[in-house]
Amino acid sequence: MNQVVVNPPEKVNLLDFDRRGLRDFFTQIGEKPYRAEQVMKWIYHDLEDNFENMTDVGKALRAKLTEVCYIGAPKTLLDKVATDGTHKWLLGMDSGNAIETVYIPEPTRGTLCVSSQIGCALNCSFCSTGAQGFNRNLSTAEIIGQVWVAAKQLGNVTHQNRRITNVVMMGMGEPLANFDNVVRAMHLMRDDLGFGLAAKRVTLSTAGMVPLIDQLSAQIDVSLAVSLHAANDELRTELMPINKRYPIAELLAACQRWIARKPRTSITFEYTLMKGINDQPEHARQLIKLMRKLPTCKVNLIPFNPFPGTQYQRSDANDIHDFQTRLLNAGVLTMLRRTRGDDIDAACGQLAGQVTDRTRRSADIRKRQDEGTLHAS
Ligand code: SAH
């Protein structure tokens, strides 16, 4: 059964349903399920949120829908555009919270980076979302609503010429920790009556929640990215506390199972390069060794993006180049992610939004900063 966000109290937000849920809802209100599909097309192809404009829906049904439900995407608080055309939206949530969504235009595609949680509970030491602490999971409506709002604001093009060609669950939060809502929202990204994106164009990135990686491959066909950042357990645990629970060997085994189930796919390993931390020749050697176990997979190198209060620095350009060359020479397909939108703090790991922290982590970080045990950048 779909989770129903009731806001205002007596009304149901249709953005909370995938196709199956929407059909069930229409049945519940005494309507034929195919009507749900008609309305779904209006919502996601025409970006329509007013039932009155749905001209092929009968007048009586339009009135009934207006009575019992609504189409409610998050509210835009801010739309910042960087000099390179990258957009960053700040979207308002309840209780003064806000999340961020980023659009990255490139010559042949447009990628939307979507958030899955208000804050994040994983506490990776190099990520500004982690430093903000955690408030709550986003609902399905709040996740798919980010795509809806961005598509609407990016402009009036037909569904076939849409500006968003790819979606990556790489914004704030750990998407697998909000499994059901994220999967439902990704069904809407993939569905022909939703945003109609192919499996290779919808990517979920995880810090490595091993059992949920298996569950994901059983439930939906999307692409997988894994945040690795270190190829030995000691360093990875220091950077990503989740590695204590699911160490590298278990993570790689899950990745091998993923590939075994989807033999034609590849997994992208994200590796953020931090000066003197994980960017030395020995680290490249460890990573090469590890990638031999997953020969069809790729590495995506991300130069570290600094944020206020961080103890890390971006690797020097020649170290980045050397690291990539070593991997390429060893036959590992390795890309270097160009930093986009950094004049508006829209780059990877810089998304902070406004998080009412329930973990007290942000207070703790501020305290350590004041005591001088954490350095400002
Ligand atoms: N929680 C998920 C989704 C976040 S994706 C995950 O961990 O995969 C965001 C990507 O940017 C992740 O690979 C993350 O590790 C990386 N990242 C986080 N902080 C960063 C920073 N300051 N600079 C560069 N990359 C960063």
# chains A, B, ... in the order shown; residues from 1 in each chain; ligands from 1
$ residues_near_ligand --ligand "ligand 1" --cutoff "8 Å" --atoms "only C-alpha atoms and all ligand atoms" --output "ChimeraX atom specification"
/A:120,122,124,126-129,169-175,204-208,225-229,270-273,302-307,347-350
$ select_by_dssp --residues "stretch 60-228 of chain A" --states "helix (DSSP H, G or I)" --output "mmCIF file with N, CA, C and O atoms, in the first residue's frame"
data_model
loop_
_atom_site.group_PDB
_atom_site.id
_atom_site.type_symbol
_atom_site.label_atom_id
_atom_site.label_comp_id
_atom_site.auth_asym_id
_atom_site.auth_seq_id
_atom_site.Cartn_x
_atom_site.Cartn_y
_atom_site.Cartn_z
ATOM 1 N N ALA A 60 -17.609 15.933 -14.071
ATOM 2 C CA ALA A 60 -17.971 15.399 -12.746
ATOM 3 C C ALA A 60 -16.742 14.824 -12.052
ATOM 4 O O ALA A 60 -16.531 15.053 -10.856
ATOM 5 N N LEU A 61 -15.913 14.106 -12.804
ATOM 6 C CA LEU A 61 -14.703 13.531 -12.209
ATOM 7 C C LEU A 61 -13.720 14.634 -11.807
ATOM 8 O O LEU A 61 -13.095 14.570 -10.751
ATOM 9 N N ARG A 62 -13.620 15.661 -12.635
ATOM 10 C CA ARG A 62 -12.725 16.782 -12.282
ATOM 11 C C ARG A 62 -13.148 17.389 -10.952
ATOM 12 O O ARG A 62 -12.323 17.683 -10.095
ATOM 13 N N ALA A 63 -14.449 17.542 -10.782
ATOM 14 C CA ALA A 63 -14.963 18.129 -9.535
ATOM 15 C C ALA A 63 -14.679 17.201 -8.353
ATOM 16 O O ALA A 63 -14.250 17.646 -7.283
ATOM 17 N N LYS A 64 -14.862 15.905 -8.576
ATOM 18 C CA LYS A 64 -14.620 14.931 -7.507
ATOM 19 C C LYS A 64 -13.132 14.939 -7.106
ATOM 20 O O LYS A 64 -12.792 14.946 -5.920
ATOM 21 N N LEU A 65 -12.268 14.955 -8.108
ATOM 22 C CA LEU A 65 -10.821 14.949 -7.816
ATOM 23 C C LEU A 65 -10.425 16.196 -7.033
ATOM 24 O O LEU A 65 -9.662 16.126 -6.064
ATOM 25 N N THR A 66 -10.952 17.321 -7.449
ATOM 26 C CA THR A 66 -10.640 18.574 -6.752
ATOM 27 C C THR A 66 -11.052 18.477 -5.278
ATOM 28 O O THR A 66 -10.390 19.018 -4.395
ATOM 29 N N GLU A 67 -12.131 17.734 -5.060
ATOM 30 C CA GLU A 67 -12.658 17.557 -3.703
ATOM 31 C C GLU A 67 -11.754 16.679 -2.824
ATOM 32 O O GLU A 67 -11.509 16.986 -1.666
ATOM 33 N N VAL A 68 -11.259 15.568 -3.386
ATOM 34 C CA VAL A 68 -10.590 14.563 -2.538
ATOM 35 C C VAL A 68 -9.067 14.528 -2.646
ATOM 36 O O VAL A 68 -8.407 13.907 -1.815
ATOM 37 N N ASP A 94 8.411 21.075 5.490
ATOM 38 C CA ASP A 94 7.751 21.505 6.723
ATOM 39 C C ASP A 94 8.783 21.964 7.766
ATOM 40 O O ASP A 94 9.975 21.737 7.612
ATOM 41 N N SER A 95 8.308 22.584 8.804
ATOM 42 C CA SER A 95 9.106 22.981 9.980
ATOM 43 C C SER A 95 10.398 23.728 9.633
ATOM 44 O O SER A 95 11.430 23.526 10.267
ATOM 45 N N GLY A 96 10.355 24.557 8.610
ATOM 46 C CA GLY A 96 11.522 25.382 8.285
ATOM 47 C C GLY A 96 12.658 24.633 7.611
ATOM 48 O O GLY A 96 13.741 25.175 7.405
ATOM 49 N N SER A 128 29.192 17.710 3.281
ATOM 50 C CA SER A 128 28.553 18.789 4.034
ATOM 51 C C SER A 128 27.111 18.429 4.398
ATOM 52 O O SER A 128 26.595 18.913 5.400
ATOM 53 N N THR A 129 26.455 17.577 3.604
ATOM 54 C CA THR A 129 25.097 17.151 4.003
ATOM 55 C C THR A 129 25.191 16.389 5.321
ATOM 56 O O THR A 129 24.376 16.589 6.230
ATOM 57 N N GLY A 130 26.198 15.517 5.432
ATOM 58 C CA GLY A 130 26.396 14.755 6.667
ATOM 59 C C GLY A 130 26.585 15.666 7.860
ATOM 60 O O GLY A 130 26.034 15.429 8.945
ATOM 61 N N ALA A 131 27.342 16.746 7.658
ATOM 62 C CA ALA A 131 27.620 17.672 8.758
ATOM 63 C C ALA A 131 26.358 18.383 9.235
ATOM 64 O O ALA A 131 26.293 18.855 10.369
ATOM 65 N N THR A 140 7.404 10.167 -1.150
ATOM 66 C CA THR A 140 7.464 9.951 -2.611
ATOM 67 C C THR A 140 7.166 11.266 -3.340
ATOM 68 O O THR A 140 7.860 11.637 -4.285
ATOM 69 N N ALA A 141 6.142 11.969 -2.886
ATOM 70 C CA ALA A 141 5.746 13.229 -3.537
ATOM 71 C C ALA A 141 6.879 14.254 -3.491
ATOM 72 O O ALA A 141 7.097 15.001 -4.447
ATOM 73 N N GLU A 142 7.593 14.267 -2.376
ATOM 74 C CA GLU A 142 8.682 15.244 -2.255
ATOM 75 C C GLU A 142 9.880 14.865 -3.129
ATOM 76 O O GLU A 142 10.676 15.723 -3.514
ATOM 77 N N ILE A 143 10.025 13.582 -3.430
ATOM 78 C CA ILE A 143 11.132 13.150 -4.301
ATOM 79 C C ILE A 143 10.765 13.374 -5.769
ATOM 80 O O ILE A 143 11.459 14.078 -6.496
ATOM 81 N N ILE A 144 9.648 12.797 -6.200
ATOM 82 C CA ILE A 144 9.264 12.958 -7.616
ATOM 83 C C ILE A 144 8.893 14.421 -7.882
ATOM 84 O O ILE A 144 9.080 14.931 -8.994
ATOM 85 N N GLY A 145 8.421 15.107 -6.843
ATOM 86 C CA GLY A 145 8.075 16.527 -6.967
ATOM 87 C C GLY A 145 9.281 17.385 -7.354
ATOM 88 O O GLY A 145 9.130 18.416 -8.007
ATOM 89 N N GLN A 146 10.484 16.946 -6.982
ATOM 90 C CA GLN A 146 11.687 17.700 -7.383
ATOM 91 C C GLN A 146 11.853 17.648 -8.899
ATOM 92 O O GLN A 146 12.219 18.642 -9.534
ATOM 93 N N VAL A 147 11.580 16.485 -9.478
ATOM 94 C CA VAL A 147 11.704 16.359 -10.939
ATOM 95 C C VAL A 147 10.601 17.191 -11.606
ATOM 96 O O VAL A 147 10.833 17.889 -12.597
ATOM 97 N N TRP A 148 9.414 17.124 -11.012
ATOM 98 C CA TRP A 148 8.265 17.849 -11.564
ATOM 99 C C TRP A 148 8.525 19.361 -11.561
ATOM 100 O O TRP A 148 8.333 20.044 -12.561
ATOM 101 N N VAL A 149 9.000 19.871 -10.422
ATOM 102 C CA VAL A 149 9.255 21.317 -10.289
ATOM 103 C C VAL A 149 10.363 21.738 -11.257
ATOM 104 O O VAL A 149 10.245 22.736 -11.970
ATOM 105 N N ALA A 150 11.436 20.952 -11.320
ATOM 106 C CA ALA A 150 12.563 21.313 -12.191
ATOM 107 C C ALA A 150 12.114 21.299 -13.651
ATOM 108 O O ALA A 150 12.397 22.237 -14.403
ATOM 109 N N ALA A 151 11.376 20.256 -14.039
ATOM 110 C CA ALA A 151 10.927 20.155 -15.434
ATOM 111 C C ALA A 151 10.053 21.360 -15.785
ATOM 112 O O ALA A 151 10.191 21.974 -16.842
ATOM 113 N N LYS A 152 9.189 21.720 -14.858
ATOM 114 C CA LYS A 152 8.275 22.844 -15.102
ATOM 115 C C LYS A 152 9.071 24.152 -15.218
ATOM 116 O O LYS A 152 8.836 24.954 -16.107
ATOM 117 N N GLN A 153 10.033 24.332 -14.308
ATOM 118 C CA GLN A 153 10.740 25.604 -14.306
ATOM 119 C C GLN A 153 11.772 25.712 -15.418
ATOM 120 O O GLN A 153 12.149 26.800 -15.819
ATOM 121 N N LEU A 154 12.245 24.566 -15.915
ATOM 122 C CA LEU A 154 13.239 24.627 -16.990
ATOM 123 C C LEU A 154 12.610 24.998 -18.318
ATOM 124 O O LEU A 154 13.301 25.325 -19.267
ATOM 125 N N HIS A 159 7.019 16.866 -24.110
ATOM 126 C CA HIS A 159 7.531 15.748 -23.336
ATOM 127 C C HIS A 159 8.719 15.086 -24.035
ATOM 128 O O HIS A 159 9.710 14.731 -23.417
ATOM 129 N N GLN A 160 8.639 14.950 -25.345
ATOM 130 C CA GLN A 160 9.717 14.287 -26.091
ATOM 131 C C GLN A 160 11.015 15.088 -26.102
ATOM 132 O O GLN A 160 12.090 14.525 -26.241
ATOM 133 N N ASN A 161 10.903 16.414 -25.997
ATOM 134 C CA ASN A 161 12.116 17.250 -26.042
ATOM 135 C C ASN A 161 12.538 17.728 -24.666
ATOM 136 O O ASN A 161 13.180 18.745 -24.525
ATOM 137 N N PRO A 175 19.804 7.401 -0.364
ATOM 138 C CA PRO A 175 18.531 6.954 -0.948
ATOM 139 C C PRO A 175 18.080 5.578 -0.468
ATOM 140 O O PRO A 175 16.882 5.356 -0.295
ATOM 141 N N LEU A 176 19.013 4.654 -0.242
ATOM 142 C CA LEU A 176 18.572 3.309 0.176
ATOM 143 C C LEU A 176 18.018 3.305 1.598
ATOM 144 O O LEU A 176 17.267 2.401 1.977
ATOM 145 N N ALA A 177 18.357 4.323 2.382
ATOM 146 C CA ALA A 177 17.807 4.403 3.741
ATOM 147 C C ALA A 177 16.349 4.872 3.720
ATOM 148 O O ALA A 177 15.666 4.843 4.735
ATOM 149 N N ASN A 178 15.894 5.313 2.563
ATOM 150 C CA ASN A 178 14.487 5.726 2.390
ATOM 151 C C ASN A 178 13.922 4.888 1.247
ATOM 152 O O ASN A 178 13.381 5.382 0.259
ATOM 153 N N PHE A 179 14.077 3.587 1.398
ATOM 154 C CA PHE A 179 13.926 2.642 0.289
ATOM 155 C C PHE A 179 12.578 2.739 -0.441
ATOM 156 O O PHE A 179 12.524 2.951 -1.655
ATOM 157 N N ASP A 180 11.474 2.571 0.292
ATOM 158 C CA ASP A 180 10.175 2.466 -0.384
ATOM 159 C C ASP A 180 9.821 3.734 -1.160
ATOM 160 O O ASP A 180 9.349 3.668 -2.296
ATOM 161 N N ASN A 181 10.028 4.878 -0.527
ATOM 162 C CA ASN A 181 9.667 6.128 -1.208
ATOM 163 C C ASN A 181 10.557 6.381 -2.417
ATOM 164 O O ASN A 181 10.104 6.875 -3.453
ATOM 165 N N VAL A 182 11.846 6.048 -2.285
ATOM 166 C CA VAL A 182 12.775 6.263 -3.394
ATOM 167 C C VAL A 182 12.431 5.325 -4.561
ATOM 168 O O VAL A 182 12.386 5.747 -5.718
ATOM 169 N N VAL A 183 12.139 4.069 -4.255
ATOM 170 C CA VAL A 183 11.812 3.120 -5.328
ATOM 171 C C VAL A 183 10.523 3.550 -6.035
ATOM 172 O O VAL A 183 10.434 3.538 -7.265
ATOM 173 N N ARG A 184 9.532 3.966 -5.249
ATOM 174 C CA ARG A 184 8.273 4.407 -5.856
ATOM 175 C C ARG A 184 8.516 5.621 -6.772
ATOM 176 O O ARG A 184 8.017 5.684 -7.896
ATOM 177 N N ALA A 185 9.327 6.569 -6.286
ATOM 178 C CA ALA A 185 9.617 7.760 -7.102
ATOM 179 C C ALA A 185 10.394 7.361 -8.366
ATOM 180 O O ALA A 185 10.136 7.891 -9.459
ATOM 181 N N MET A 186 11.297 6.388 -8.241
ATOM 182 C CA MET A 186 12.057 5.974 -9.428
ATOM 183 C C MET A 186 11.157 5.229 -10.424
ATOM 184 O O MET A 186 11.380 5.315 -11.628
ATOM 185 N N HIS A 187 10.128 4.526 -9.931
ATOM 186 C CA HIS A 187 9.153 3.921 -10.846
ATOM 187 C C HIS A 187 8.478 5.021 -11.675
ATOM 188 O O HIS A 187 8.249 4.853 -12.875
ATOM 189 N N LEU A 188 8.187 6.144 -11.021
ATOM 190 C CA LEU A 188 7.560 7.257 -11.748
ATOM 191 C C LEU A 188 8.533 7.902 -12.742
ATOM 192 O O LEU A 188 8.134 8.378 -13.797
ATOM 193 N N MET A 189 9.829 7.904 -12.403
ATOM 194 C CA MET A 189 10.812 8.441 -13.368
ATOM 195 C C MET A 189 10.882 7.539 -14.595
ATOM 196 O O MET A 189 11.014 7.999 -15.714
ATOM 197 N N ARG A 190 10.753 6.224 -14.389
ATOM 198 C CA ARG A 190 10.913 5.255 -15.471
ATOM 199 C C ARG A 190 9.632 5.051 -16.287
ATOM 200 O O ARG A 190 9.698 4.748 -17.472
ATOM 201 N N ALA A 199 16.323 2.828 -18.082
ATOM 202 C CA ALA A 199 17.005 2.390 -16.853
ATOM 203 C C ALA A 199 18.411 2.967 -16.733
ATOM 204 O O ALA A 199 18.864 3.313 -15.643
ATOM 205 N N LYS A 200 19.092 3.107 -17.837
ATOM 206 C CA LYS A 200 20.463 3.619 -17.742
ATOM 207 C C LYS A 200 20.501 5.119 -17.445
ATOM 208 O O LYS A 200 21.554 5.662 -17.129
ATOM 209 N N ARG A 201 19.348 5.753 -17.524
ATOM 210 C CA ARG A 201 19.295 7.197 -17.271
ATOM 211 C C ARG A 201 18.764 7.568 -15.880
ATOM 212 O O ARG A 201 18.566 8.737 -15.559
ATOM 213 N N VAL A 210 24.498 -2.706 2.083
ATOM 214 C CA VAL A 210 24.598 -3.963 1.347
ATOM 215 C C VAL A 210 23.270 -4.715 1.146
ATOM 216 O O VAL A 210 22.903 -5.020 0.006
ATOM 217 N N PRO A 211 22.497 -5.020 2.206
ATOM 218 C CA PRO A 211 21.282 -5.804 1.970
ATOM 219 C C PRO A 211 20.289 -5.087 1.057
ATOM 220 O O PRO A 211 19.553 -5.714 0.300
ATOM 221 N N LEU A 212 20.290 -3.757 1.119
ATOM 222 C CA LEU A 212 19.339 -2.999 0.315
ATOM 223 C C LEU A 212 19.770 -2.911 -1.146
ATOM 224 O O LEU A 212 18.942 -2.688 -2.038
ATOM 225 N N ILE A 213 21.053 -3.101 -1.412
ATOM 226 C CA ILE A 213 21.513 -3.161 -2.811
ATOM 227 C C ILE A 213 20.883 -4.387 -3.470
ATOM 228 O O ILE A 213 20.368 -4.327 -4.589
ATOM 229 N N ASP A 214 20.878 -5.516 -2.733
ATOM 230 C CA ASP A 214 20.250 -6.736 -3.261
ATOM 231 C C ASP A 214 18.751 -6.532 -3.458
ATOM 232 O O ASP A 214 18.188 -6.922 -4.475
ATOM 233 N N GLN A 215 18.137 -5.899 -2.467
ATOM 234 C CA GLN A 215 16.693 -5.672 -2.566
ATOM 235 C C GLN A 215 16.353 -4.777 -3.761
ATOM 236 O O GLN A 215 15.375 -5.001 -4.453
ATOM 237 N N LEU A 216 17.197 -3.779 -3.978
ATOM 238 C CA LEU A 216 16.957 -2.851 -5.090
ATOM 239 C C LEU A 216 16.974 -3.593 -6.419
ATOM 240 O O LEU A 216 16.096 -3.406 -7.256
ATOM 241 N N SER A 217 17.973 -4.455 -6.602
ATOM 242 C CA SER A 217 18.079 -5.122 -7.908
ATOM 243 C C SER A 217 16.884 -6.037 -8.153
ATOM 244 O O SER A 217 16.521 -6.313 -9.281
ATOM 245 N N ALA A 218 16.245 -6.493 -7.060
ATOM 246 C CA ALA A 218 15.072 -7.354 -7.222
ATOM 247 C C ALA A 218 13.815 -6.547 -7.540
ATOM 248 O O ALA A 218 12.850 -7.083 -8.068
ATOM 249 N N GLN A 219 13.816 -5.265 -7.195
ATOM 250 C CA GLN A 219 12.563 -4.500 -7.303
ATOM 251 C C GLN A 219 12.436 -3.558 -8.482
ATOM 252 O O GLN A 219 11.341 -3.207 -8.880
#
$ residues_around --residues "A:Leu22" --least-positions-apart "6" --cutoff "12 Å" --atoms "only C-alpha atoms" --output "ChimeraX atom specification"
/A:1-4,12-16,28-29,31-41,43,69,184,188,193-194
$ select_by_dssp --residues "stretch 87-311 of chain A" --states "strand (DSSP E)" --output "PyMOL selection string"
chain A and resi 87-92+98-106+109-113+117-119+134-137+166-169+202-206+223-227+267-273+298-303
